[in-house]
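Shown below: input.cif, with mmCIF, N, CA and C atoms and all ligand atoms.
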```cif
data_final
loop_
_atom_site.group_PDB
_atom_site.id
_atom_site.type_symbol
_atom_site.label_atom_id
_atom_site.label_comp_id
_atom_site.auth_asym_id
_atom_site.auth_seq_id
_atom_site.Cartn_x
_atom_site.Cartn_y
_atom_site.Cartn_z
ATOM 1 N N MET Y 1 0.837 -1.189 0.000
ATOM 2 C CA MET Y 1 0.000 0.000 0.000
ATOM 3 C C MET Y 1 0.880 1.249 0.000
ATOM 4 N N ASN Y 2 0.533 2.190 -0.838
ATOM 5 C CA ASN Y 2 1.289 3.421 -0.969
ATOM 6 C C ASN Y 2 0.792 4.520 -0.051
ATOM 7 N N GLU Y 3 1.701 5.447 0.253
ATOM 8 C CA GLU Y 3 1.273 6.699 0.864
ATOM 9 C C GLU Y 3 0.684 7.497 -0.301
ATOM 10 N N LEU Y 4 -0.505 8.027 -0.123
ATOM 11 C CA LEU Y 4 -1.177 8.698 -1.239
ATOM 12 C C LEU Y 4 -0.694 10.127 -1.427
ATOM 13 N N PHE Y 5 -0.460 10.480 -2.688
ATOM 14 C CA PHE Y 5 -0.110 11.857 -3.025
ATOM 15 C C PHE Y 5 -1.373 12.719 -2.915
ATOM 16 N N PRO Y 6 -1.181 14.040 -2.823
ATOM 17 C CA PRO Y 6 -2.355 14.929 -2.755
ATOM 18 C C PRO Y 6 -3.248 14.789 -3.980
ATOM 19 N N CYS Y 7 -4.479 15.243 -3.836
ATOM 20 C CA CYS Y 7 -5.444 15.190 -4.937
ATOM 21 C C CYS Y 7 -4.923 16.006 -6.127
ATOM 22 N N PRO Y 8 -4.928 15.427 -7.343
ATOM 23 C CA PRO Y 8 -4.431 16.147 -8.518
ATOM 24 C C PRO Y 8 -5.348 17.291 -8.946
ATOM 25 N N PHE Y 9 -6.560 17.324 -8.437
ATOM 26 C CA PHE Y 9 -7.512 18.366 -8.859
ATOM 27 C C PHE Y 9 -7.583 19.539 -7.899
ATOM 28 N N CYS Y 10 -7.614 19.267 -6.590
ATOM 29 C CA CYS Y 10 -7.791 20.370 -5.640
ATOM 30 C C CYS Y 10 -6.607 20.532 -4.682
ATOM 31 N N GLY Y 11 -5.662 19.576 -4.691
ATOM 32 C CA GLY Y 11 -4.482 19.704 -3.844
ATOM 33 C C GLY Y 11 -4.675 19.224 -2.408
ATOM 34 N N ASN Y 12 -5.862 18.744 -2.062
ATOM 35 C CA ASN Y 12 -6.112 18.198 -0.723
ATOM 36 C C ASN Y 12 -5.061 17.124 -0.412
ATOM 37 N N ASP Y 13 -4.351 17.291 0.717
ATOM 38 C CA ASP Y 13 -3.259 16.354 0.988
ATOM 39 C C ASP Y 13 -3.684 15.166 1.857
ATOM 40 N N GLN Y 14 -5.002 14.974 2.002
ATOM 41 C CA GLN Y 14 -5.444 13.811 2.774
ATOM 42 C C GLN Y 14 -6.496 12.959 2.060
ATOM 43 N N PRO Y 15 -6.171 12.523 0.838
ATOM 44 C CA PRO Y 15 -7.083 11.584 0.195
ATOM 45 C C PRO Y 15 -7.017 10.262 0.980
ATOM 46 N N TYR Y 16 -8.012 9.440 0.849
ATOM 47 C CA TYR Y 16 -8.016 8.190 1.628
ATOM 48 C C TYR Y 16 -8.545 7.007 0.812
ATOM 49 N N PHE Y 17 -8.239 5.831 1.304
ATOM 50 C CA PHE Y 17 -8.741 4.618 0.662
ATOM 51 C C PHE Y 17 -10.151 4.345 1.158
ATOM 52 N N GLU Y 18 -11.095 4.349 0.233
ATOM 53 C CA GLU Y 18 -12.450 3.947 0.602
ATOM 54 C C GLU Y 18 -12.466 2.421 0.672
ATOM 55 N N ARG Y 19 -11.626 1.813 -0.150
ATOM 56 C CA ARG Y 19 -11.535 0.352 -0.149
ATOM 57 C C ARG Y 19 -10.154 -0.047 -0.657
ATOM 58 N N LEU Y 20 -9.539 -0.998 0.009
ATOM 59 C CA LEU Y 20 -8.251 -1.516 -0.460
ATOM 60 C C LEU Y 20 -8.518 -2.660 -1.429
ATOM 61 N N GLY Y 21 -7.764 -2.681 -2.499
ATOM 62 C CA GLY Y 21 -7.953 -3.730 -3.490
ATOM 63 C C GLY Y 21 -7.303 -5.035 -3.061
ATOM 64 N N ASP Y 22 -7.886 -6.126 -3.509
ATOM 65 C CA ASP Y 22 -7.257 -7.434 -3.310
ATOM 66 C C ASP Y 22 -7.598 -8.302 -4.520
ATOM 67 N N HIS Y 23 -7.382 -9.593 -4.433
ATOM 68 C CA HIS Y 23 -7.604 -10.432 -5.610
ATOM 69 C C HIS Y 23 -9.080 -10.541 -5.995
ATOM 70 N N ARG Y 24 -9.995 -10.068 -5.130
ATOM 71 C CA ARG Y 24 -11.422 -10.178 -5.435
ATOM 72 C C ARG Y 24 -12.082 -8.853 -5.814
ATOM 73 N N GLN Y 25 -11.510 -7.738 -5.294
ATOM 74 C CA GLN Y 25 -12.153 -6.445 -5.560
ATOM 75 C C GLN Y 25 -11.126 -5.344 -5.826
ATOM 76 N N SER Y 26 -11.585 -4.291 -6.519
ATOM 77 C CA SER Y 26 -10.708 -3.186 -6.893
ATOM 78 C C SER Y 26 -10.512 -2.218 -5.723
ATOM 79 N N SER Y 27 -9.486 -1.388 -5.832
ATOM 80 C CA SER Y 27 -9.246 -0.368 -4.804
ATOM 81 C C SER Y 27 -10.002 0.906 -5.178
ATOM 82 N N ILE Y 28 -10.347 1.676 -4.172
ATOM 83 C CA ILE Y 28 -11.002 2.968 -4.420
ATOM 84 C C ILE Y 28 -10.328 4.024 -3.541
ATOM 85 N N VAL Y 29 -9.860 5.112 -4.181
ATOM 86 C CA VAL Y 29 -9.290 6.237 -3.448
ATOM 87 C C VAL Y 29 -10.231 7.431 -3.639
ATOM 88 N N VAL Y 30 -10.467 8.147 -2.559
ATOM 89 C CA VAL Y 30 -11.411 9.265 -2.590
ATOM 90 C C VAL Y 30 -10.766 10.531 -2.033
ATOM 91 N N CYS Y 31 -11.093 11.667 -2.653
ATOM 92 C CA CYS Y 31 -10.712 12.966 -2.094
ATOM 93 C C CYS Y 31 -11.932 13.501 -1.351
ATOM 94 N N GLY Y 32 -11.780 13.728 -0.050
ATOM 95 C CA GLY Y 32 -12.902 14.198 0.755
ATOM 96 C C GLY Y 32 -13.227 15.664 0.518
ATOM 97 N N ASN Y 33 -12.366 16.366 -0.191
ATOM 98 C CA ASN Y 33 -12.600 17.784 -0.437
ATOM 99 C C ASN Y 33 -13.406 18.032 -1.709
ATOM 100 N N CYS Y 34 -12.892 17.579 -2.863
ATOM 101 C CA CYS Y 34 -13.591 17.857 -4.122
ATOM 102 C C CYS Y 34 -14.454 16.681 -4.564
ATOM 103 N N GLY Y 35 -14.315 15.548 -3.884
ATOM 104 C CA GLY Y 35 -15.179 14.413 -4.186
ATOM 105 C C GLY Y 35 -14.707 13.542 -5.330
ATOM 106 N N CYS Y 36 -13.524 13.818 -5.888
ATOM 107 C CA CYS Y 36 -13.085 12.957 -6.983
ATOM 108 C C CYS Y 36 -12.744 11.583 -6.414
ATOM 109 N N ARG Y 37 -12.794 10.603 -7.282
ATOM 110 C CA ARG Y 37 -12.759 9.224 -6.841
ATOM 111 C C ARG Y 37 -12.050 8.418 -7.915
ATOM 112 N N MET Y 38 -11.205 7.508 -7.530
ATOM 113 C CA MET Y 38 -10.537 6.681 -8.536
ATOM 114 C C MET Y 38 -10.577 5.226 -8.125
ATOM 115 N N GLU Y 39 -11.072 4.419 -9.041
ATOM 116 C CA GLU Y 39 -11.144 2.980 -8.794
ATOM 117 C C GLU Y 39 -10.117 2.305 -9.698
ATOM 118 N N ALA Y 40 -9.363 1.383 -9.148
ATOM 119 C CA ALA Y 40 -8.336 0.719 -9.951
ATOM 120 C C ALA Y 40 -8.179 -0.735 -9.530
ATOM 121 N N ASN Y 41 -7.714 -1.520 -10.461
ATOM 122 C CA ASN Y 41 -7.503 -2.935 -10.206
ATOM 123 C C ASN Y 41 -6.113 -3.117 -9.597
ATOM 124 N N GLU Y 42 -6.041 -3.027 -8.279
ATOM 125 C CA GLU Y 42 -4.755 -3.069 -7.590
ATOM 126 C C GLU Y 42 -4.814 -4.013 -6.393
ATOM 127 N N THR Y 43 -3.663 -4.551 -6.048
ATOM 128 C CA THR Y 43 -3.598 -5.427 -4.870
ATOM 129 C C THR Y 43 -2.386 -5.074 -4.015
ATOM 130 N N ASP Y 44 -2.486 -5.402 -2.740
ATOM 131 C CA ASP Y 44 -1.386 -5.299 -1.777
ATOM 132 C C ASP Y 44 -0.576 -4.006 -1.881
ATOM 133 N N ILE Y 45 0.733 -4.157 -2.149
ATOM 134 C CA ILE Y 45 1.625 -2.988 -2.153
ATOM 135 C C ILE Y 45 1.315 -2.033 -3.303
ATOM 136 N N HIS Y 46 0.528 -2.468 -4.271
ATOM 137 C CA HIS Y 46 0.207 -1.605 -5.413
ATOM 138 C C HIS Y 46 -1.021 -0.736 -5.183
ATOM 139 N N ASN Y 47 -1.682 -0.911 -4.051
ATOM 140 C CA ASN Y 47 -2.832 -0.049 -3.760
ATOM 141 C C ASN Y 47 -2.380 1.406 -3.760
ATOM 142 N N GLY Y 48 -3.036 2.224 -4.563
ATOM 143 C CA GLY Y 48 -2.705 3.647 -4.625
ATOM 144 C C GLY Y 48 -1.796 4.015 -5.797
ATOM 145 N N ASP Y 49 -1.247 3.034 -6.481
ATOM 146 C CA ASP Y 49 -0.345 3.310 -7.612
ATOM 147 C C ASP Y 49 -1.012 4.196 -8.669
ATOM 148 N N ALA Y 50 -2.231 3.843 -9.055
ATOM 149 C CA ALA Y 50 -2.912 4.583 -10.129
ATOM 150 C C ALA Y 50 -3.197 6.020 -9.695
ATOM 151 N N TRP Y 51 -3.625 6.186 -8.454
ATOM 152 C CA TRP Y 51 -3.878 7.533 -7.926
ATOM 153 C C TRP Y 51 -2.596 8.357 -7.978
ATOM 154 N N ASN Y 52 -1.505 7.792 -7.525
ATOM 155 C CA ASN Y 52 -0.240 8.525 -7.494
ATOM 156 C C ASN Y 52 0.285 8.817 -8.900
ATOM 157 N N ARG Y 53 0.069 7.889 -9.821
ATOM 158 C CA ARG Y 53 0.487 8.144 -11.212
ATOM 159 C C ARG Y 53 -0.302 9.315 -11.785
ATOM 160 N N ARG Y 54 -1.583 9.402 -11.428
ATOM 161 C CA ARG Y 54 -2.417 10.491 -11.923
ATOM 162 C C ARG Y 54 -1.876 11.830 -11.439
ATOM 163 N N MET Y 55 -1.433 11.857 -10.187
ATOM 164 C CA MET Y 55 -0.867 13.083 -9.625
ATOM 165 C C MET Y 55 0.425 13.440 -10.346
ATOM 166 N N LEU Y 56 1.280 12.446 -10.585
ATOM 167 C CA LEU Y 56 2.551 12.712 -11.256
ATOM 168 C C LEU Y 56 2.322 13.195 -12.683
ATOM 169 N N LEU Y 57 1.319 12.619 -13.339
ATOM 170 C CA LEU Y 57 1.000 13.046 -14.699
ATOM 171 C C LEU Y 57 0.554 14.506 -14.695
ATOM 172 N N SER Y 58 -0.283 14.833 -13.727
ATOM 173 C CA SER Y 58 -0.767 16.207 -13.616
ATOM 174 C C SER Y 58 0.392 17.170 -13.365
ATOM 175 N N GLU Y 59 1.297 16.787 -12.464
ATOM 176 C CA GLU Y 59 2.442 17.649 -12.154
ATOM 177 C C GLU Y 59 3.383 17.793 -13.338
ATOM 178 N N SER Y 60 3.608 16.688 -14.068
ATOM 179 C CA SER Y 60 4.550 16.786 -15.185
ATOM 180 C C SER Y 60 3.970 17.654 -16.299
ATOM 181 N N CYS Y 61 2.647 17.642 -16.468
ATOM 182 C CA CYS Y 61 2.017 18.515 -17.461
ATOM 183 C C CYS Y 61 2.200 19.978 -17.059
ATOM 184 N N GLU Y 62 2.017 20.234 -15.773
ATOM 185 C CA GLU Y 62 2.162 21.591 -15.258
ATOM 186 C C GLU Y 62 3.609 22.068 -15.439
ATOM 187 N N LEU Y 63 4.536 21.171 -15.152
ATOM 188 C CA LEU Y 63 5.953 21.487 -15.266
ATOM 189 C C LEU Y 63 6.332 21.781 -16.720
ATOM 190 N N LEU Y 64 5.844 20.940 -17.604
ATOM 191 C CA LEU Y 64 6.117 21.131 -19.034
ATOM 192 C C LEU Y 64 5.559 22.486 -19.484
ATOM 193 N N HIS Y 65 4.376 22.780 -18.998
ATOM 194 C CA HIS Y 65 3.751 24.049 -19.339
ATOM 195 C C HIS Y 65 4.600 25.227 -18.856
ATOM 196 N N SER Y 66 5.142 25.121 -17.636
ATOM 197 C CA SER Y 66 5.956 26.226 -17.116
ATOM 198 C C SER Y 66 7.256 26.364 -17.905
ATOM 199 N N CYS Y 67 7.795 25.236 -18.395
ATOM 200 C CA CYS Y 67 9.014 25.303 -19.218
ATOM 201 C C CYS Y 67 8.715 25.979 -20.551
ATOM 202 N N LEU Y 68 7.560 25.697 -21.103
ATOM 203 C CA LEU Y 68 7.189 26.313 -22.376
ATOM 204 C C LEU Y 68 6.986 27.814 -22.201
ATOM 205 N N GLU Y 69 6.419 28.199 -21.050
ATOM 206 C CA GLU Y 69 6.234 29.619 -20.769
ATOM 207 C C GLU Y 69 7.577 30.328 -20.651
ATOM 208 N N TRP Y 70 8.545 29.607 -20.044
ATOM 209 C CA TRP Y 70 9.884 30.184 -19.881
ATOM 210 C C TRP Y 70 10.491 30.493 -21.250
ATOM 211 N N ASP Y 71 10.278 29.561 -22.197
ATOM 212 C CA ASP Y 71 10.805 29.785 -23.538
ATOM 213 C C ASP Y 71 10.153 30.991 -24.203
ATOM 214 N N ASN Y 72 8.995 31.356 -23.679
ATOM 215 C CA ASN Y 72 8.309 32.524 -24.226
ATOM 216 C C ASN Y 72 8.510 33.764 -23.358
ATOM 217 N N GLY Y 73 9.568 33.763 -22.565
ATOM 218 C CA GLY Y 73 9.867 34.940 -21.763
ATOM 219 C C GLY Y 73 9.367 34.883 -20.333
ATOM 220 N N GLY Y 74 8.802 33.743 -19.925
ATOM 221 C CA GLY Y 74 8.344 33.600 -18.542
ATOM 222 C C GLY Y 74 9.513 33.287 -17.620
ATOM 223 N N GLU Y 75 9.205 32.920 -16.409
ATOM 224 C CA GLU Y 75 10.259 32.651 -15.435
ATOM 225 C C GLU Y 75 10.302 31.154 -15.111
ATOM 226 N N ARG Y 76 11.466 30.562 -15.172
ATOM 227 C CA ARG Y 76 11.562 29.135 -14.875
ATOM 228 C C ARG Y 76 11.783 28.942 -13.378
ATOM 229 N N ASP Y 77 10.975 28.084 -12.791
ATOM 230 C CA ASP Y 77 11.076 27.818 -11.363
ATOM 231 C C ASP Y 77 11.893 26.535 -11.164
ATOM 232 N N TYR Y 78 13.192 26.700 -10.976
ATOM 233 C CA TYR Y 78 14.066 25.530 -10.868
ATOM 234 C C TYR Y 78 13.729 24.658 -9.665
ATOM 235 N N GLN Y 79 13.360 25.289 -8.543
ATOM 236 C CA GLN Y 79 13.056 24.491 -7.358
ATOM 237 C C GLN Y 79 11.878 23.550 -7.608
ATOM 238 N N LYS Y 80 10.916 24.023 -8.367
ATOM 239 C CA LYS Y 80 9.756 23.204 -8.693
ATOM 240 C C LYS Y 80 10.187 21.979 -9.509
ATOM 241 N N ILE Y 81 11.106 22.197 -10.430
ATOM 242 C CA ILE Y 81 11.605 21.104 -11.266
ATOM 243 C C ILE Y 81 12.401 20.113 -10.410
ATOM 244 N N ILE Y 82 13.261 20.636 -9.529
ATOM 245 C CA ILE Y 82 14.066 19.777 -8.661
ATOM 246 C C ILE Y 82 13.169 18.964 -7.726
ATOM 247 N N ASP Y 83 12.172 19.616 -7.129
ATOM 248 C CA ASP Y 83 11.250 18.912 -6.232
ATOM 249 C C ASP Y 83 10.535 17.776 -6.960
ATOM 250 N N PHE Y 84 10.115 18.076 -8.184
ATOM 251 C CA PHE Y 84 9.400 17.070 -8.961
ATOM 252 C C PHE Y 84 10.306 15.876 -9.252
ATOM 253 N N LEU Y 85 11.518 16.147 -9.694
ATOM 254 C CA LEU Y 85 12.449 15.062 -10.026
ATOM 255 C C LEU Y 85 12.775 14.218 -8.794
ATOM 256 N N ASN Y 86 12.892 14.883 -7.625
ATOM 257 C CA ASN Y 86 13.155 14.130 -6.389
ATOM 258 C C ASN Y 86 12.004 13.198 -6.037
ATOM 259 N N ARG Y 87 10.786 13.644 -6.345
ATOM 260 C CA ARG Y 87 9.626 12.820 -6.008
ATOM 261 C C ARG Y 87 9.524 11.570 -6.852
ATOM 262 N N ILE Y 88 9.894 11.692 -8.131
ATOM 263 C CA ILE Y 88 9.739 10.532 -9.012
ATOM 264 C C ILE Y 88 10.994 9.668 -9.053
ATOM 265 N N LYS Y 89 12.050 10.125 -8.370
ATOM 266 C CA LYS Y 89 13.312 9.378 -8.355
ATOM 267 C C LYS Y 89 13.096 8.015 -7.678
ATOM 268 N N THR Y 90 13.669 6.988 -8.260
ATOM 269 C CA THR Y 90 13.609 5.662 -7.627
ATOM 270 C C THR Y 90 15.019 5.248 -7.263
ATOM 271 N N ASP Y 91 15.150 4.640 -6.118
ATOM 272 C CA ASP Y 91 16.484 4.238 -5.644
ATOM 273 C C ASP Y 91 16.919 2.910 -6.238
HETATM 274 ZN ZN ZN Y 101 -9.677 16.843 -4.542
#
```
Could you rewrite the structure in this file as structure tokens?
Amino acid sequence: MNELFPCPFCGNDQPYFERLGDHRQSSIVVCGNCGCRMEANETDIHNGDAWNRRMLLSESCELLHSCLEWDNGGERDYQKIIDFLNRIKTD
């Protein structure tokens, strides 16, 4: 089971498992703030993987967008890029 990343839509940092997945049923993660909900076919240590991937996808899109803005004269936030890379780093 994973520690859940914040909600990709509203940033609520306390999403929770409504149900943990196992070989018979899917997992469900819910954001108590905006009400978004994600159901995935996950078991054991993989519970929460899909939710966390969704957050990383959202962040990488945002990051890419900020890099494109920089190329158009915006400001590049290096700390944001470093923080993101540290989060997705695997040992
Ligand atoms: Zn939310």
DSSP alpha helix (DSSP H) selection over range 45-90 of chain Y, as an NGL selection string: :Y and (49-71 or 78-88)
Could you save the residues just selected, with N, CA and C atoms, as a tab-separated table (two decimals), keeping the file's coordinate frame?
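Wrote it out as out31.tsv, contents follow:
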```
chain	number	residue	atom	x	y	z
Y	49	ASP	N	-1.25	3.03	-6.48
Y	49	ASP	CA	-0.34	3.31	-7.61
Y	49	ASP	C	-1.01	4.20	-8.67
Y	50	ALA	N	-2.23	3.84	-9.06
Y	50	ALA	CA	-2.91	4.58	-10.13
Y	50	ALA	C	-3.20	6.02	-9.70
Y	51	TRP	N	-3.62	6.19	-8.45
Y	51	TRP	CA	-3.88	7.53	-7.93
Y	51	TRP	C	-2.60	8.36	-7.98
Y	52	ASN	N	-1.50	7.79	-7.52
Y	52	ASN	CA	-0.24	8.52	-7.49
Y	52	ASN	C	0.28	8.82	-8.90
Y	53	ARG	N	0.07	7.89	-9.82
Y	53	ARG	CA	0.49	8.14	-11.21
Y	53	ARG	C	-0.30	9.32	-11.78
Y	54	ARG	N	-1.58	9.40	-11.43
Y	54	ARG	CA	-2.42	10.49	-11.92
Y	54	ARG	C	-1.88	11.83	-11.44
Y	55	MET	N	-1.43	11.86	-10.19
Y	55	MET	CA	-0.87	13.08	-9.62
Y	55	MET	C	0.42	13.44	-10.35
Y	56	LEU	N	1.28	12.45	-10.58
Y	56	LEU	CA	2.55	12.71	-11.26
Y	56	LEU	C	2.32	13.20	-12.68
Y	57	LEU	N	1.32	12.62	-13.34
Y	57	LEU	CA	1.00	13.05	-14.70
Y	57	LEU	C	0.55	14.51	-14.70
Y	58	SER	N	-0.28	14.83	-13.73
Y	58	SER	CA	-0.77	16.21	-13.62
Y	58	SER	C	0.39	17.17	-13.36
Y	59	GLU	N	1.30	16.79	-12.46
Y	59	GLU	CA	2.44	17.65	-12.15
Y	59	GLU	C	3.38	17.79	-13.34
Y	60	SER	N	3.61	16.69	-14.07
Y	60	SER	CA	4.55	16.79	-15.18
Y	60	SER	C	3.97	17.65	-16.30
Y	61	CYS	N	2.65	17.64	-16.47
Y	61	CYS	CA	2.02	18.52	-17.46
Y	61	CYS	C	2.20	19.98	-17.06
Y	62	GLU	N	2.02	20.23	-15.77
Y	62	GLU	CA	2.16	21.59	-15.26
Y	62	GLU	C	3.61	22.07	-15.44
Y	63	LEU	N	4.54	21.17	-15.15
Y	63	LEU	CA	5.95	21.49	-15.27
Y	63	LEU	C	6.33	21.78	-16.72
Y	64	LEU	N	5.84	20.94	-17.60
Y	64	LEU	CA	6.12	21.13	-19.03
Y	64	LEU	C	5.56	22.49	-19.48
Y	65	HIS	N	4.38	22.78	-19.00
Y	65	HIS	CA	3.75	24.05	-19.34
Y	65	HIS	C	4.60	25.23	-18.86
Y	66	SER	N	5.14	25.12	-17.64
Y	66	SER	CA	5.96	26.23	-17.12
Y	66	SER	C	7.26	26.36	-17.90
Y	67	CYS	N	7.80	25.24	-18.40
Y	67	CYS	CA	9.01	25.30	-19.22
Y	67	CYS	C	8.72	25.98	-20.55
Y	68	LEU	N	7.56	25.70	-21.10
Y	68	LEU	CA	7.19	26.31	-22.38
Y	68	LEU	C	6.99	27.81	-22.20
Y	69	GLU	N	6.42	28.20	-21.05
Y	69	GLU	CA	6.23	29.62	-20.77
Y	69	GLU	C	7.58	30.33	-20.65
Y	70	TRP	N	8.54	29.61	-20.04
Y	70	TRP	CA	9.88	30.18	-19.88
Y	70	TRP	C	10.49	30.49	-21.25
Y	71	ASP	N	10.28	29.56	-22.20
Y	71	ASP	CA	10.80	29.78	-23.54
Y	71	ASP	C	10.15	30.99	-24.20
Y	78	TYR	N	13.19	26.70	-10.98
Y	78	TYR	CA	14.07	25.53	-10.87
Y	78	TYR	C	13.73	24.66	-9.66
Y	79	GLN	N	13.36	25.29	-8.54
Y	79	GLN	CA	13.06	24.49	-7.36
Y	79	GLN	C	11.88	23.55	-7.61
Y	80	LYS	N	10.92	24.02	-8.37
Y	80	LYS	CA	9.76	23.20	-8.69
Y	80	LYS	C	10.19	21.98	-9.51
Y	81	ILE	N	11.11	22.20	-10.43
Y	81	ILE	CA	11.60	21.10	-11.27
Y	81	ILE	C	12.40	20.11	-10.41
Y	82	ILE	N	13.26	20.64	-9.53
Y	82	ILE	CA	14.07	19.78	-8.66
Y	82	ILE	C	13.17	18.96	-7.73
Y	83	ASP	N	12.17	19.62	-7.13
Y	83	ASP	CA	11.25	18.91	-6.23
Y	83	ASP	C	10.54	17.78	-6.96
Y	84	PHE	N	10.12	18.08	-8.18
Y	84	PHE	CA	9.40	17.07	-8.96
Y	84	PHE	C	10.31	15.88	-9.25
Y	85	LEU	N	11.52	16.15	-9.69
Y	85	LEU	CA	12.45	15.06	-10.03
Y	85	LEU	C	12.78	14.22	-8.79
Y	86	ASN	N	12.89	14.88	-7.62
Y	86	ASN	CA	13.16	14.13	-6.39
Y	86	ASN	C	12.00	13.20	-6.04
Y	87	ARG	N	10.79	13.64	-6.34
Y	87	ARG	CA	9.63	12.82	-6.01
Y	87	ARG	C	9.52	11.57	-6.85
Y	88	ILE	N	9.89	11.69	-8.13
Y	88	ILE	CA	9.74	10.53	-9.01
Y	88	ILE	C	10.99	9.67	-9.05
```
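Take CA of Tyr16 in chain Y and CA of Asn52 in chain Y: the distance between them is 12.0 Å.
Distance-wise, CA of Gly48 in chain Y and CA of Gly21 in chain Y end up 9.1 Å apart.
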Test item: residues lying within 5 Å of ligand ZN 101 (chain Y) with only N, CA and C atoms and all ligand atoms, as a ChimeraX atom specification: /Y:7,9-12,31,33-35
Contact residues around Glu62 in chain Y with only C-alpha atoms at 12 Å, ignoring same-chain residues under 3 positions, as a VMD selection string: chain Y and resid 8 55 to 59 65 to 69 77 80 to 81 84
